[in-house]
2 protein chains.
Amino acid sequence: MRDTVKQDCVTILRAGIEAVDPSAAVKKSVSVTGDRLQIGGQDYNLSHCRNIFLIGAGKASAVMALAIEEILADRISDGVVITKYGHISDCRKITLVEAGHPVPDEAGFRGAQSLAQMAARCGEDDLVLCMISGGGSALLPLPVTGVSLEEKQETTKLLLNCGAAIHEINAVRKHLSQIKGGGLAHMVYPATLISLILSDVIGNDLDVIASGPTVPDRSTFGDCVDILKRYNISSSIPDSVRTHLLEGASGKRRETPKPGDPIFKKTQNLIIGSSIQCLEAAERKAREIGYNSLVLSSFVEGETREVAKVHSAVLKEVISFGRPVPRPACLISGGETTVTIVGGGKGGRNQEFVLSCGIDLAGWRGAHVFSVGTDGTDGPTDAAGAYADWRMVERAQELGLDAHDYLKRNDSYHFFKGLNDLIMTGPTKTNVMDLRLLIAT
Amino acid sequence: MRDTVKQDCVTILRAGIEAVDPSAAVKKSVSVTGDRLQIGGQDYNLSHCRNIFLIGAGKASAVMALAIEEILADRISDGVVITKYGHISDCRKITLVEAGHPVPDEAGFRGAQSLAQMAARCGEDDLVLCMISGGGSALLPLPVTGVSLEEKQETTKLLLNCGAAIHEINAVRKHLSQIKGGGLAHMVYPATLISLILSDVIGNDLDVIASGPTVPDRSTFGDCVDILKRYNISSSIPDSVRTHLLEGASGKRRETPKPGDPIFKKTQNLIIGSSIQCLEAAERKAREIGYNSLVLSSFVEGETREVAKVHSAVLKEVISFGRPVPRPACLISGGETTVTIVGGGKGGRNQEFVLSCGIDLAGWRGAHVFSVGTDGTDGPTDAAGAYADWRMVERAQELGLDAHDYLKRNDSYHFFKGLNDLIMTGPTKTNVMDLRLLIAT
């Protein structure tokens with residue numbers, strides 16, 4: 001039973017990941033028939049296009065760009081796409097730049113400059129296809145004139161330390177960047193811009209994914225100045241940053257493009273893959289192989305071991321009372337949890353989730369848990385996640401491993417290595433956060 | 001809309017609480033026709049009974065006993081029931097004792113002695129009806145001979161501080177008590193014993209509710225000695241406790257009654273009310289007034305604000321994708337969360353749950369949250385819980401209240417007092433933990 005269910009989990013995971021394969025997702029959304037380019041249900045007449053430029057940034061963007069090359073072949077005029085070191089593809093028509101992530105580096109800065117220069121060349125009759133995916137923000141570092149990359153990073157650090165909310169930090173960062181917060185759309189205008197987006201954020205907020213380079217920004221310079229005041233950091237941020245924001249608030253700098261700005265009449269943002277597609281494909285596959293499957297939520301966040309308790313609580317309800325779905329049941333959830341590290345162990349949020357659930361569900365006959373990062377990586381480990389069933393604690397004891405102790409030390413990796421229950425997928429080339437399965441046979 | 005939904009929540013709550021009213025629950029489970037007493041589907045011929053004794057302990061037990069008096073009237077020979085100060089009823093045939101809870105006191109000790117004396121009088125042809133409800137453990141303090149109440153309490157405190165698990169603490173406590181862990185069943189034997197139980201614990205584990213006075217105990221003296229060793233507290237516990245446990249482990253003391261012990265052939269344990277009945281009644285009422293209602297889980301536990309995030313995540317799924325149920329939806333959960341207090345504010349787990357959800361769901365049009373303690377009390381406050389909707393943060397801002405700040409200070413009570421969104425029910429005379437409703441209109 002154990003091995004069968006574990007194998008089922010891997011089968012369901014594979015279906016989920018296939019549904020968000022960046023290349024397949026691009027090819028599902030984009031097609032060419034003669035001179036007609038169809039993207040996301042809309043038609044573009046290529047005979048009216050002077051140039052087609054292919055740009056983008058993100059961990060999956062080189063793979064997405066290659067899919068576009070395969071579709072459009074020689075019609076592409078030029079392009080530049082920035083991706084993380086080791087994440088390149090076989091693109092031939094365009095320039096691929098490898099750069100630093102999650103910490104931006106000089107290569108990213110130079111890549112962003114090339115991309116900005118290309119955007120500036122775009123004219124009214126040009127079509128720009130932009131491949132956006134997770135990591136795009138760090139890979140496109142282009143601060144406003146007068147502010148250095150270091151000064152921008154120092155500001156972000158100060159905001160993080162003073163307890164500012166994430167939307168406040170983003171408001172400031174967008175106002176210190178030439179690209180984020182709609183900046184890229186502004187550069188490309190008056191060309192037609194189509195962004196194909198692989199979302200790695202909860203809720204798929206367009207202005208959050210890669211900091212929304214092609215999306216209107218609702219925040220203002222005035223908000224930024226208020227945020228500095230609220231957290232009392234006006235005097236501690238770099239002079240250049242303070243000057244830029246104050247001048248912006250007094251109308252001396254151009255605002256980020258707002259909703260309703262004419263540039264967005266020529267901009268289309270299209271999410272081609274996200275947690276939703278992954279979870280729904282997993283749900284279909286689970287049903288196909290015999291489970292009553294149910295997506296609980298794609299919005300899951302919070303402290304991993306507490307999130308695990310609530311997931312376990314729902315599976316206990318399934319086992320005890322056959323609801324919200326009867327057995328054999330497969331509950332599915334997505335999103336991304338966090339781990340507050342207190343121990344010196346090795347692990348990741350998915351492995352810790354499974355370890356926590358395994359403890360909560362000890363003795364709950366027929367309970368199985370599986371959780372993986374869809375990119376194939378969980379924390380600083382070589383595993384994608386882990387698997388456990390209701391005998392995890394007992395099996396560990398037989399091997400001399402104390403589950404509670406490993407959890408306390410955040411050492412889920414070595415725990416599951418000992419149990420031979422790490423899930424290894426290798427890099428999947430996509431990322432739509434996590435996939436969790438809770439099964440009651 | 002706001003007031004309508006808030007009113008709906010109160011209506012659903014009322015249906016849930018009615019379903020676990022201790023008096024109604026007893027009357028639903030117990031009836032007399034001539035000489036036939038029917039309890040939980042079983043028949044007892046009262047003409048074969050010499051005496052009927054009515055005993056019990058717990059916060060709802062005096063009310064349960066009164067219901068039995070109303071059913072059996074003059075057939076009751078004698079009885080003693082111990083309840084918390086202020087929780088008495090109008091019983092006339094039996095002795096009601098008021099005692100200390102959650103900290104046991106001398107009155108409880110004397111009450112437990114009276115109860116033990118009555119149990120010792122029971123013969124083979126007697127019937128003992130035992131009313132167990134939450135709080136029964138603290139209200140029945142009767143340590144084994146040679147160990148004082150203070151020494152037992154000191155041992156519990158040491159176990160709590162050294163990080164022992166709750167089942168380990170309970171194993172030791174059961175072996176230091178004459179009543180817990182099946183002790184009461186042992187005293188009553190060879191009379192017939194029927195326990196009517198109102199459960200206030202997650203999963204309704206019979207050996208946990210009131211420390212299982214009428215239920216087999218799987219733990220042993222040997223386990224207790226292992227626990228002292230494991231946490232290295234053998235030398236710090238009182239001498240009397242160490243002596244008792246070591247003598248027990250070497251076979252010189254009577255073990256607690258184990259599964260299969262003949263006394264349990266004459267013992268019946270019947271859960272007459274629990275979170276399940278409350279949640280299911282709430283689910284029916286919600287459906288009746290037009291919601292697609294769904295019980296998510298009766299097993300919910302964990303740190304309140306993290307548990308809130310997962311509940312909010314499921315409601316976001318409802319609002320975004322109409323699953324696991326379509327709108328208008330009412331998700332229902334039970335169990336009991338915990339709050340790690342870091343601020344100096346005033347509140348309770350239910351109010352903090354609603355405050356957390358209100359923040360998570362800000363701007364999620366149509367989202368409503370409601371959470372209450374079914375006993376009518378939430379933490380050290382006069383409120384049972386609170387209500388919020390998707391405009392909570394905004395409404396609070398208009399009143400100059402910062403929701404994040406109140407959450408940070410664990411000050412949910414003053415926050416909802418300011419918003420006029422505390423839910424006040426007064427004491428409900430029952431307790432089946434919490435009732436949470438998440439509604440999407």
# chains A, B, ... in the order shown; residues from 1 in each chain; ligands from 1
call {"tool": "residues_around", "arguments": {"residues": "Val314 of chain A", "least_positions_apart": "2", "cutoff": "8 Å", "atoms": "only C-alpha atoms", "output": "JSON list (two decimals) with C-alpha atoms, in the first residue's frame"}}
result
[["chain", "number", "residue", "atom", "x", "y", "z"],
["A", 310, "VAL", "CA", -4.94, 22.35, 9.66],
["A", 311, "HIS", "CA", -4.31, 20.10, 6.65],
["A", 312, "SER", "CA", -4.04, 17.10, 8.99],
["A", 316, "LYS", "CA", -8.79, 13.39, 10.02],
["A", 317, "GLU", "CA", -12.31, 14.57, 9.15],
["A", 318, "VAL", "CA", -12.13, 12.56, 5.91],
["A", 324, "PRO", "CA", -15.48, 16.97, 2.79],
["B", 296, "LEU", "CA", -14.12, 21.41, 6.86],
["B", 297, "SER", "CA", -12.96, 19.75, 10.07],
["B", 298, "SER", "CA", -13.83, 19.18, 13.71],
["B", 299, "PHE", "CA", -10.15, 18.52, 14.50],
["B", 300, "VAL", "CA", -8.69, 22.00, 14.08]]
call {"tool": "residues_around", "arguments": {"residues": "Arg50 of chain B", "least_positions_apart": "5", "cutoff": "8 Å", "atoms": "only C-alpha atoms", "output": "list in words"}}
result
Asp125, Asp126 and Leu127 of chain B
call {"tool": "write_last_selection", "arguments": {"atoms": "C-alpha atoms", "output": "PDB file, in the first residue's frame"}}
result
ATOM      1  CA  ASP B 125     -27.476  -4.999  41.480  1.00  0.00           C
ATOM      2  CA  ASP B 126     -26.994  -1.261  41.520  1.00  0.00           C
ATOM      3  CA  LEU B 127     -27.017   1.030  38.513  1.00  0.00           C
TER       4      LEU B 127
END
call {"tool": "select_by_dssp", "arguments": {"residues": "segment 135-368 of chain A", "states": "alpha helix (DSSP H)", "output": "ChimeraX atom specification"}}
result
/A:136-139,149-161,166-175,183-188,221-230,239-249,275-288,304-321,349-360
call {"tool": "residues_around", "arguments": {"residues": "Ile17 of chain B", "least_positions_apart": "2", "cutoff": "10 Å", "atoms": "only C-alpha atoms", "output": "PyMOL selection string"}}
result
chain B and resi 12-15+19-22+275+277-279+281-282+374-376+428-432+435
call {"tool": "residues_around", "arguments": {"residues": "Phe53 of chain A", "least_positions_apart": "6", "cutoff": "12 Å", "atoms": "only C-alpha atoms", "output": "MDAnalysis selection string"}}
result
chainID A and resid 65 68:69 72 74:81 93:95 115 118:123 125:131 188 191:195
call {"tool": "write_last_selection", "arguments": {"atoms": "N, CA, C and O atoms", "output": "tab-separated table (two decimals), in the first residue's frame"}}
result
chain	number	residue	atom	x	y	z
A	65	ALA	N	11.10	31.55	-24.16
A	65	ALA	CA	11.55	32.25	-25.37
A	65	ALA	C	11.86	31.24	-26.49
A	65	ALA	O	11.55	31.49	-27.66
A	68	ILE	N	8.78	30.31	-28.21
A	68	ILE	CA	8.35	31.36	-29.15
A	68	ILE	C	9.19	31.29	-30.44
A	68	ILE	O	8.66	31.40	-31.54
A	69	GLU	N	10.49	31.08	-30.26
A	69	GLU	CA	11.36	30.93	-31.45
A	69	GLU	C	10.87	29.79	-32.33
A	69	GLU	O	10.85	29.88	-33.56
A	72	LEU	N	7.59	31.11	-34.04
A	72	LEU	CA	7.67	32.24	-34.96
A	72	LEU	C	8.89	32.17	-35.90
A	72	LEU	O	8.98	32.94	-36.86
A	74	ASP	N	11.74	32.55	-38.19
A	74	ASP	CA	12.49	33.67	-38.72
A	74	ASP	C	11.79	35.02	-38.64
A	74	ASP	O	12.34	36.04	-39.03
A	75	ARG	N	10.56	35.01	-38.16
A	75	ARG	CA	9.84	36.29	-38.07
A	75	ARG	C	10.39	37.17	-36.95
A	75	ARG	O	10.12	38.37	-36.90
A	76	ILE	N	11.14	36.61	-36.02
A	76	ILE	CA	11.66	37.40	-34.90
A	76	ILE	C	12.83	38.25	-35.38
A	76	ILE	O	13.77	37.76	-36.00
A	77	SER	N	12.75	39.57	-35.09
A	77	SER	CA	13.80	40.50	-35.53
A	77	SER	C	14.99	40.45	-34.60
A	77	SER	O	16.14	40.38	-35.03
A	78	ASP	N	14.71	40.48	-33.31
A	78	ASP	CA	15.80	40.57	-32.34
A	78	ASP	C	15.21	40.32	-30.95
A	78	ASP	O	13.99	40.28	-30.79
A	79	GLY	N	16.09	40.17	-29.97
A	79	GLY	CA	15.55	39.98	-28.64
A	79	GLY	C	16.63	39.81	-27.59
A	79	GLY	O	17.79	39.51	-27.90
A	80	VAL	N	16.26	40.03	-26.35
A	80	VAL	CA	17.16	39.78	-25.22
A	80	VAL	C	16.33	39.28	-24.03
A	80	VAL	O	15.30	39.87	-23.69
A	81	VAL	N	16.76	38.16	-23.50
A	81	VAL	CA	16.06	37.57	-22.35
A	81	VAL	C	17.08	37.27	-21.27
A	81	VAL	O	18.15	36.73	-21.55
A	93	LYS	N	17.89	32.98	-32.15
A	93	LYS	CA	17.61	34.28	-32.76
A	93	LYS	C	17.89	35.44	-31.79
A	93	LYS	O	18.09	36.57	-32.22
A	94	ILE	N	17.83	35.17	-30.53
A	94	ILE	CA	17.92	36.26	-29.56
A	94	ILE	C	19.12	36.05	-28.63
A	94	ILE	O	19.73	35.00	-28.60
A	95	THR	N	19.43	37.12	-27.87
A	95	THR	CA	20.53	37.07	-26.91
A	95	THR	C	20.01	36.61	-25.55
A	95	THR	O	19.05	37.18	-25.03
A	115	LEU	N	18.23	45.38	-22.55
A	115	LEU	CA	16.80	45.24	-22.75
A	115	LEU	C	16.15	46.62	-22.89
A	115	LEU	O	15.30	46.84	-23.77
A	118	MET	N	16.89	48.09	-26.30
A	118	MET	CA	16.06	47.48	-27.33
A	118	MET	C	14.64	48.04	-27.26
A	118	MET	O	14.03	48.36	-28.29
A	119	ALA	N	14.12	48.18	-26.05
A	119	ALA	CA	12.76	48.71	-25.87
A	119	ALA	C	12.66	50.11	-26.46
A	119	ALA	O	11.66	50.47	-27.08
A	120	ALA	N	13.73	50.90	-26.27
A	120	ALA	CA	13.71	52.28	-26.76
A	120	ALA	C	13.64	52.33	-28.28
A	120	ALA	O	13.20	53.33	-28.86
A	121	ARG	N	14.11	51.29	-28.94
A	121	ARG	CA	14.10	51.24	-30.42
A	121	ARG	C	12.72	50.92	-30.97
A	121	ARG	O	12.50	51.02	-32.18
A	122	CYS	N	11.79	50.46	-30.12
A	122	CYS	CA	10.49	49.98	-30.61
A	122	CYS	C	9.63	51.12	-31.13
A	122	CYS	O	9.51	52.16	-30.49
A	123	GLY	N	9.02	50.87	-32.25
A	123	GLY	CA	8.13	51.87	-32.82
A	123	GLY	C	6.69	51.39	-32.84
A	123	GLY	O	6.40	50.25	-32.45
A	125	ASP	N	4.67	50.36	-35.02
A	125	ASP	CA	4.27	49.18	-35.79
A	125	ASP	C	4.99	47.91	-35.36
A	125	ASP	O	4.90	46.88	-36.03
A	126	ASP	N	5.70	47.98	-34.23
A	126	ASP	CA	6.42	46.79	-33.75
A	126	ASP	C	5.57	46.01	-32.75
A	126	ASP	O	4.72	46.58	-32.06
A	127	LEU	N	5.86	44.71	-32.71
A	127	LEU	CA	5.21	43.85	-31.72
A	127	LEU	C	6.29	43.33	-30.77
A	127	LEU	O	7.32	42.82	-31.21
A	128	VAL	N	6.06	43.49	-29.48
A	128	VAL	CA	7.02	43.02	-28.48
A	128	VAL	C	6.39	41.89	-27.68
A	128	VAL	O	5.33	42.07	-27.07
A	129	LEU	N	7.02	40.73	-27.71
A	129	LEU	CA	6.55	39.60	-26.90
A	129	LEU	C	7.47	39.50	-25.69
A	129	LEU	O	8.70	39.41	-25.84
A	130	CYS	N	6.88	39.53	-24.50
A	130	CYS	CA	7.67	39.57	-23.27
A	130	CYS	C	7.40	38.33	-22.43
A	130	CYS	O	6.25	38.03	-22.10
A	131	MET	N	8.46	37.60	-22.10
A	131	MET	CA	8.32	36.35	-21.34
A	131	MET	C	8.68	36.62	-19.87
A	131	MET	O	9.84	36.81	-19.53
A	188	VAL	N	8.48	50.45	-23.91
A	188	VAL	CA	8.15	49.77	-25.15
A	188	VAL	C	7.14	50.59	-25.98
A	188	VAL	O	7.15	50.56	-27.20
A	191	ALA	N	4.90	50.68	-29.17
A	191	ALA	CA	4.76	49.35	-29.79
A	191	ALA	C	3.64	48.58	-29.08
A	191	ALA	O	3.22	48.94	-27.99
A	192	THR	N	3.16	47.52	-29.74
A	192	THR	CA	2.20	46.63	-29.09
A	192	THR	C	2.98	45.65	-28.22
A	192	THR	O	3.97	45.07	-28.66
A	193	LEU	N	2.56	45.51	-26.97
A	193	LEU	CA	3.28	44.66	-26.02
A	193	LEU	C	2.38	43.53	-25.53
A	193	LEU	O	1.26	43.77	-25.06
A	194	ILE	N	2.85	42.30	-25.66
A	194	ILE	CA	2.12	41.17	-25.11
A	194	ILE	C	3.02	40.43	-24.13
A	194	ILE	O	4.07	39.92	-24.51
A	195	SER	N	2.60	40.41	-22.87
A	195	SER	CA	3.37	39.70	-21.85
A	195	SER	C	2.77	38.33	-21.61
A	195	SER	O	1.58	38.22	-21.31
call {"tool": "residues_around", "arguments": {"residues": "Ser148 of chain B", "least_positions_apart": "2", "cutoff": "12 Å", "atoms": "only C-alpha atoms", "output": "PyMOL selection string"}}
result
chain B and resi 106+109+141-146+150-155+176-177+238-241+244
call {"tool": "select_by_dssp", "arguments": {"residues": "segment 48-237 of chain A", "states": "strand (DSSP E or B)", "output": "MDAnalysis selection string"}}
result
chainID A and resid 52:57 78:84 95:99 127:132 143 177 192:198
call {"tool": "closest_residue", "arguments": {"among": "A:Ala99, A:Ala25, A:Cys224, A:Leu37", "to": "Lys59 of chain A", "atoms": "only C-alpha atoms"}}
result
A:Ala99
call {"tool": "residues_around", "arguments": {"residues": "Gly86 of chain A", "least_positions_apart": "2", "cutoff": "8 Å", "atoms": "only C-alpha atoms", "output": "list of chain:residue names"}}
result
A:Lys84, A:Ile88, A:Glu98
call {"tool": "residues_around", "arguments": {"residues": "Gly418 of chain A", "least_positions_apart": "4", "cutoff": "12 Å", "atoms": "only C-alpha atoms", "output": "PyMOL selection string"}}
result
chain A and resi 386+392+395-403+406+411-414+422
